[in-house]
file target.csv (CSV, C-alpha atoms)
chain,number,residue,atom,x,y,z
A,12,ILE,CA,-17.9,53.6,190.1
A,13,THR,CA,-20.0,50.4,190.4
A,14,ARG,CA,-18.3,47.1,190.0
A,15,GLY,CA,-20.8,44.3,189.9
A,16,ASP,CA,-23.1,45.0,192.9
A,17,ALA,CA,-20.5,46.9,194.8
A,18,THR,CA,-19.8,50.6,194.8
A,19,VAL,CA,-16.1,51.6,194.7
A,20,GLU,CA,-15.5,54.8,196.6
A,21,VAL,CA,-12.7,56.7,194.8
A,22,LYS,CA,-10.9,59.4,196.8
A,23,GLY,CA,-8.1,61.9,196.3
A,24,LYS,CA,-7.6,63.4,192.9
A,25,ALA,CA,-8.9,60.3,191.1
A,26,PRO,CA,-12.6,61.5,191.1
A,27,ALA,CA,-11.5,64.8,189.5
A,28,LEU,CA,-9.5,62.9,186.9
A,29,LEU,CA,-12.5,60.7,186.1
A,30,VAL,CA,-14.8,63.7,185.9
A,31,GLU,CA,-12.5,65.6,183.5
A,32,VAL,CA,-12.2,62.6,181.3
A,33,LEU,CA,-15.9,62.0,181.3
A,34,ALA,CA,-16.7,65.7,180.7
A,35,ARG,CA,-14.6,65.4,177.5
A,36,GLY,CA,-16.5,62.4,176.3
A,37,GLY,CA,-14.7,59.6,178.1
A,38,ARG,CA,-12.8,58.4,175.0
A,39,ASP,CA,-9.7,59.6,173.2
A,40,VAL,CA,-9.2,62.6,175.4
A,41,CYS,CA,-6.0,64.7,175.2
A,42,ALA,CA,-4.1,64.1,178.4
A,43,LYS,CA,-2.5,67.5,178.3
A,44,GLU,CA,-6.0,69.2,178.4
A,45,VAL,CA,-7.0,67.1,181.4
A,46,ALA,CA,-3.7,67.9,183.1
A,47,HIS,CA,-4.0,71.6,182.5
A,48,ALA,CA,-7.6,71.6,183.7
A,49,MET,CA,-6.7,69.9,186.9
A,50,TRP,CA,-3.5,71.8,187.6
A,51,PRO,CA,-4.1,75.1,185.8
A,52,HIS,CA,-1.4,77.1,187.6
A,53,GLY,CA,1.4,74.6,186.9
A,54,GLU,CA,3.7,74.4,183.9
A,55,THR,CA,2.9,71.6,181.4
A,56,GLU,CA,5.7,69.4,182.8
A,57,PHE,CA,4.4,69.7,186.3
A,58,ALA,CA,0.8,69.2,185.3
A,59,MET,CA,1.7,66.1,183.3
A,60,GLY,CA,3.7,64.7,186.1
A,61,ALA,CA,0.9,65.3,188.5
A,62,LEU,CA,-1.5,63.6,186.1
A,63,ASN,CA,0.7,60.6,185.7
A,64,THR,CA,1.0,60.3,189.5
A,65,THR,CA,-2.7,60.6,189.9
A,66,LEU,CA,-3.3,58.0,187.2
A,67,PHE,CA,-0.8,55.6,188.7
A,68,ARG,CA,-2.3,55.9,192.2
A,69,ALA,CA,-5.9,55.5,190.9
A,70,ARG,CA,-5.0,52.4,189.0
A,71,ARG,CA,-3.1,50.9,191.9
A,72,ARG,CA,-5.5,51.8,194.8
A,73,TYR,CA,-8.8,51.1,193.0
A,74,ASP,CA,-7.7,48.4,190.5
A,75,LEU,CA,-8.5,50.6,187.5
A,76,GLU,CA,-5.5,49.5,185.5
A,77,ARG,CA,-7.6,48.1,182.7
A,78,LEU,CA,-10.4,50.7,183.0
A,79,LEU,CA,-8.6,54.0,182.8
A,80,LEU,CA,-6.3,53.9,179.8
A,81,LEU,CA,-3.5,56.2,178.7
A,82,GLU,CA,-2.0,55.6,175.2
A,83,ASP,CA,-0.1,58.0,173.0
A,84,GLY,CA,-1.1,61.0,175.1
A,85,ARG,CA,-4.8,60.1,175.0
A,86,LEU,CA,-6.9,59.2,178.0
A,87,GLY,CA,-10.1,57.2,178.0
A,88,LEU,CA,-12.2,54.6,179.6
A,89,ASN,CA,-12.0,51.1,178.3
A,90,THR,CA,-15.3,50.6,176.3
A,91,GLU,CA,-15.0,46.9,176.7
A,92,LEU,CA,-15.2,47.1,180.5
A,93,CYS,CA,-17.6,49.9,181.2
A,94,LEU,CA,-20.8,51.5,180.2
A,95,VAL,CA,-21.3,55.2,180.5
A,96,ASP,CA,-24.9,56.4,180.3
A,97,ARG,CA,-23.7,59.5,178.4
A,98,TRP,CA,-22.6,57.3,175.6
A,99,LEU,CA,-26.0,55.7,175.3
A,100,LEU,CA,-27.7,59.2,175.5
A,101,GLU,CA,-25.4,60.6,172.8
A,102,SER,CA,-26.0,57.6,170.6
A,103,ALA,CA,-29.7,58.0,170.9
A,104,LEU,CA,-29.4,61.7,170.2
A,105,ASP,CA,-27.4,60.9,167.1
A,106,SER,CA,-30.0,58.5,165.9
A,107,ALA,CA,-32.8,60.9,166.5
A,108,ALA,CA,-31.0,63.8,164.8
A,109,THR,CA,-30.3,61.6,161.7
A,110,ILE,CA,-33.9,60.6,161.4
A,111,LEU,CA,-35.0,64.2,162.0
A,112,GLU,CA,-32.6,65.5,159.3
A,113,LEU,CA,-34.3,63.3,156.8
A,114,GLY,CA,-37.5,65.2,157.8
A,115,ASP,CA,-39.9,63.0,155.8
A,116,GLY,CA,-41.3,61.1,158.7
A,117,SER,CA,-40.4,57.8,157.1
A,118,ASP,CA,-39.2,56.3,160.4
A,119,PRO,CA,-41.5,57.5,163.2
A,120,ARG,CA,-41.0,54.2,165.1
A,121,GLY,CA,-37.2,54.6,165.0
A,122,LEU,CA,-37.5,58.2,166.1
A,123,ARG,CA,-39.8,57.2,169.0
A,124,ASP,CA,-37.4,54.4,170.0
A,125,ALA,CA,-34.5,56.9,170.1
A,126,LEU,CA,-36.6,59.4,172.0
A,127,HIS,CA,-37.6,56.8,174.6
A,128,VAL,CA,-33.9,55.9,175.1
A,129,ILE,CA,-33.2,59.6,175.6
A,130,ALA,CA,-36.0,60.0,178.1
A,131,ALA,CA,-34.8,56.8,180.0
A,132,THR,CA,-31.2,57.7,179.9
A,133,TYR,CA,-31.3,61.4,180.8
A,134,ARG,CA,-31.6,61.6,184.6
A,135,GLY,CA,-30.7,65.2,185.1
A,136,PRO,CA,-27.7,67.5,184.5
A,137,LEU,CA,-24.5,65.9,183.4
A,138,LEU,CA,-22.1,65.4,186.3
A,139,GLU,CA,-24.5,67.5,188.5
A,140,GLN,CA,-22.2,67.8,191.6
A,141,ASP,CA,-19.1,68.8,189.6
A,142,ARG,CA,-18.0,72.2,188.4
A,143,SER,CA,-15.3,72.8,185.9
A,144,GLU,CA,-15.1,74.5,182.5
A,145,ALA,CA,-15.2,71.2,180.7
A,146,VAL,CA,-18.2,69.9,182.8
A,147,ASP,CA,-20.2,73.1,182.3
A,148,GLU,CA,-19.5,73.1,178.5
A,149,ALA,CA,-20.4,69.4,178.2
A,150,ARG,CA,-23.6,69.9,180.3
A,151,ASP,CA,-24.7,72.8,178.1
A,152,ARG,CA,-23.9,70.9,174.9
A,153,VAL,CA,-26.0,67.9,176.0
A,154,ARG,CA,-28.8,70.0,177.2
A,155,ALA,CA,-28.9,72.0,173.9
A,156,ARG,CA,-28.9,68.8,171.8
A,157,ILE,CA,-31.7,67.3,173.9
A,158,ALA,CA,-33.8,70.5,173.6
A,159,LEU,CA,-33.3,70.7,169.9
A,160,VAL,CA,-34.0,67.1,169.2
A,161,CYS,CA,-37.1,67.1,171.4
A,162,LYS,CA,-38.5,70.3,169.8
A,163,GLN,CA,-37.9,69.0,166.3
A,164,ALA,CA,-39.5,65.7,167.2
A,165,ASP,CA,-42.6,67.3,168.6
A,166,GLU,CA,-42.9,69.3,165.4
A,167,MET,CA,-42.4,66.3,163.2
A,168,PHE,CA,-45.0,64.3,165.2
A,169,ARG,CA,-47.5,67.2,164.9
A,170,ASP,CA,-46.8,67.3,161.2
A,171,LEU,CA,-47.6,63.6,161.0
A,172,GLU,CA,-50.9,64.2,162.8
A,173,THR,CA,-49.9,62.0,165.7
A,174,THR,CA,-49.8,62.9,169.4
A,175,ALA,CA,-46.8,64.9,170.4
A,176,LEU,CA,-44.7,62.9,172.7
A,177,GLY,CA,-44.3,65.6,175.3
A,178,LEU,CA,-40.7,64.4,175.8
A,179,LEU,CA,-39.4,67.9,176.3
A,180,GLU,CA,-41.7,68.3,179.3
A,181,ARG,CA,-40.8,64.9,180.7
A,182,ILE,CA,-37.1,65.8,180.5
A,183,ALA,CA,-37.6,69.3,181.8
A,184,ALA,CA,-39.2,67.7,184.9
A,185,ARG,CA,-35.9,66.1,185.7
A,186,ASP,CA,-33.8,69.2,184.9
A,187,PRO,CA,-36.0,72.3,185.3
A,188,CYS,CA,-34.1,75.3,184.0
A,189,PRO,CA,-34.3,78.0,181.3
A,190,TRP,CA,-32.3,76.1,178.7
A,191,MET,CA,-35.4,74.1,177.7
A,192,SER,CA,-37.4,77.1,176.6
A,193,ALA,CA,-34.4,78.7,174.9
A,194,ALA,CA,-33.6,76.1,172.3
call {"tool": "encode", "arguments": {"input": "target.csv", "output": "structure tokens"}}
result
Amino acid sequence: ITRGDATVEVKGKAPALLVEVLARGGRDVCAKEVAHAMWPHGETEFAMGALNTTLFRARRRYDLERLLLLEDGRLGLNTELCLVDRWLLESALDSAATILELGDGSDPRGLRDALHVIAATYRGPLLEQDRSEAVDEARDRVRARIALVCKQADEMFRDLETTALGLLERIAARDPCPWMSAA
């Protein structure tokens, strides 16, 4: 977590809590799912108690009271206080996918803008140091969306007789793995 120019080092179970929330999108996340992921061998009551304790401690120790929200059984980051690069990336992917669905090449500038945001925002595998089922699924989903959008965009730009952006190759240089050629 970066607050202003300072980095806040979060310890204990708090990093795992943040990772699980972020892996599930960072907004409107089912608290029971997070609790079960973090304490898979405990009963629901135990897992929810442990989640509440972790949340309480993280809020108190790291001053995250207004950042990490729990309301009506849903966890999320306060979008008014933070910016998550994944949100920017997914917004750009949504924009590019919408333009590509139209398929008529009517907005090549909008598509290029969205693709440039994707290239600037994607810095490698999502939550690269973390391993959990939710993280792996989110990472694979993001990678698949990027690969699909990039390949469709390259095809559209070829159809428009313009230079292909080579975006797929630029992104693959940051995250070299077989998923790029499979989509």
call {"tool": "atom_distance", "arguments": {"input": "target.csv", "atom1": "atom CA of Arg97 of chain A", "atom2": "atom CA of Ala27 of chain A"}}
result
17.3 Å
call {"tool": "residues_around", "arguments": {"input": "target.csv", "residues": "Asp151 of chain A", "least_positions_apart": "3", "cutoff": "9 Å", "atoms": "all atoms listed in the file", "output": "list of chain:residue names"}}
result
A:Pro136, A:Leu137, A:Val146, A:Asp147, A:Glu148, A:Arg154, A:Ala155, A:Arg156, A:Trp190
call {"tool": "residues_around", "arguments": {"input": "target.csv", "residues": "Leu78 of chain A", "least_positions_apart": "4", "cutoff": "12 Å", "atoms": "all atoms listed in the file", "output": "ChimeraX atom specification"}}
result
/A:12,14,29,37-38,66,69-71,73-74,86-94
call {"tool": "residues_around", "arguments": {"input": "target.csv", "residues": "Ser102 of chain A", "least_positions_apart": "5", "cutoff": "12 Å", "atoms": "all atoms listed in the file", "output": "ChimeraX atom specification"}}
result
/A:95-97,107-109,124-126,128-129,132,153,156-157
call {"tool": "closest_residue", "arguments": {"input": "target.csv", "among": "A:Ala158, A:Glu166, A:Ala130, A:Lys24", "to": "Gly114 of chain A", "atoms": "all atoms listed in the file"}}
result
A:Glu166
call {"tool": "atom_distance", "arguments": {"input": "target.csv", "atom1": "atom CA of Glu139 of chain A", "atom2": "atom CA of Thr55 of chain A"}}
result
28.6 Å
call {"tool": "atom_distance", "arguments": {"input": "target.csv", "atom1": "atom CA of Arg152 of chain A", "atom2": "atom CA of Leu122 of chain A"}}
result
20.6 Å
call {"tool": "closest_residue", "arguments": {"input": "target.csv", "among": "A:Glu112, A:Glu144, A:Val32, A:Ala184", "to": "Leu159 of chain A", "atoms": "all atoms listed in the file"}}
result
A:Glu112
call {"tool": "closest_residue", "arguments": {"input": "target.csv", "among": "A:Met167, A:Leu138, A:Val45, A:Leu75", "to": "Val19 of chain A", "atoms": "all atoms listed in the file"}}
result
A:Leu75
call {"tool": "closest_residue", "arguments": {"input": "target.csv", "among": "A:Arg142, A:Ala34, A:Arg72, A:Leu99", "to": "His127 of chain A", "atoms": "only C-alpha atoms"}}
result
A:Leu99
call {"tool": "closest_residue", "arguments": {"input": "target.csv", "among": "A:Gly84, A:Pro26, A:Gly53, A:Gly135", "to": "Leu100 of chain A", "atoms": "all atoms listed in the file"}}
result
A:Gly135
call {"tool": "closest_residue", "arguments": {"input": "target.csv", "among": "A:His52, A:Asp105, A:Glu31, A:Leu80", "to": "Asp141 of chain A", "atoms": "all atoms listed in the file"}}
result
A:Glu31
call {"tool": "axis_aligned_box", "arguments": {"input": "target.csv", "around": "segment 159-162 of chain A", "padding_each_side": "4 Å", "output": "AutoDock Vina command-line options"}}
result
--center_x -35.9 --center_y 68.9 --center_z 170.3 --size_x 13.2 --size_y 11.6 --size_z 10.2
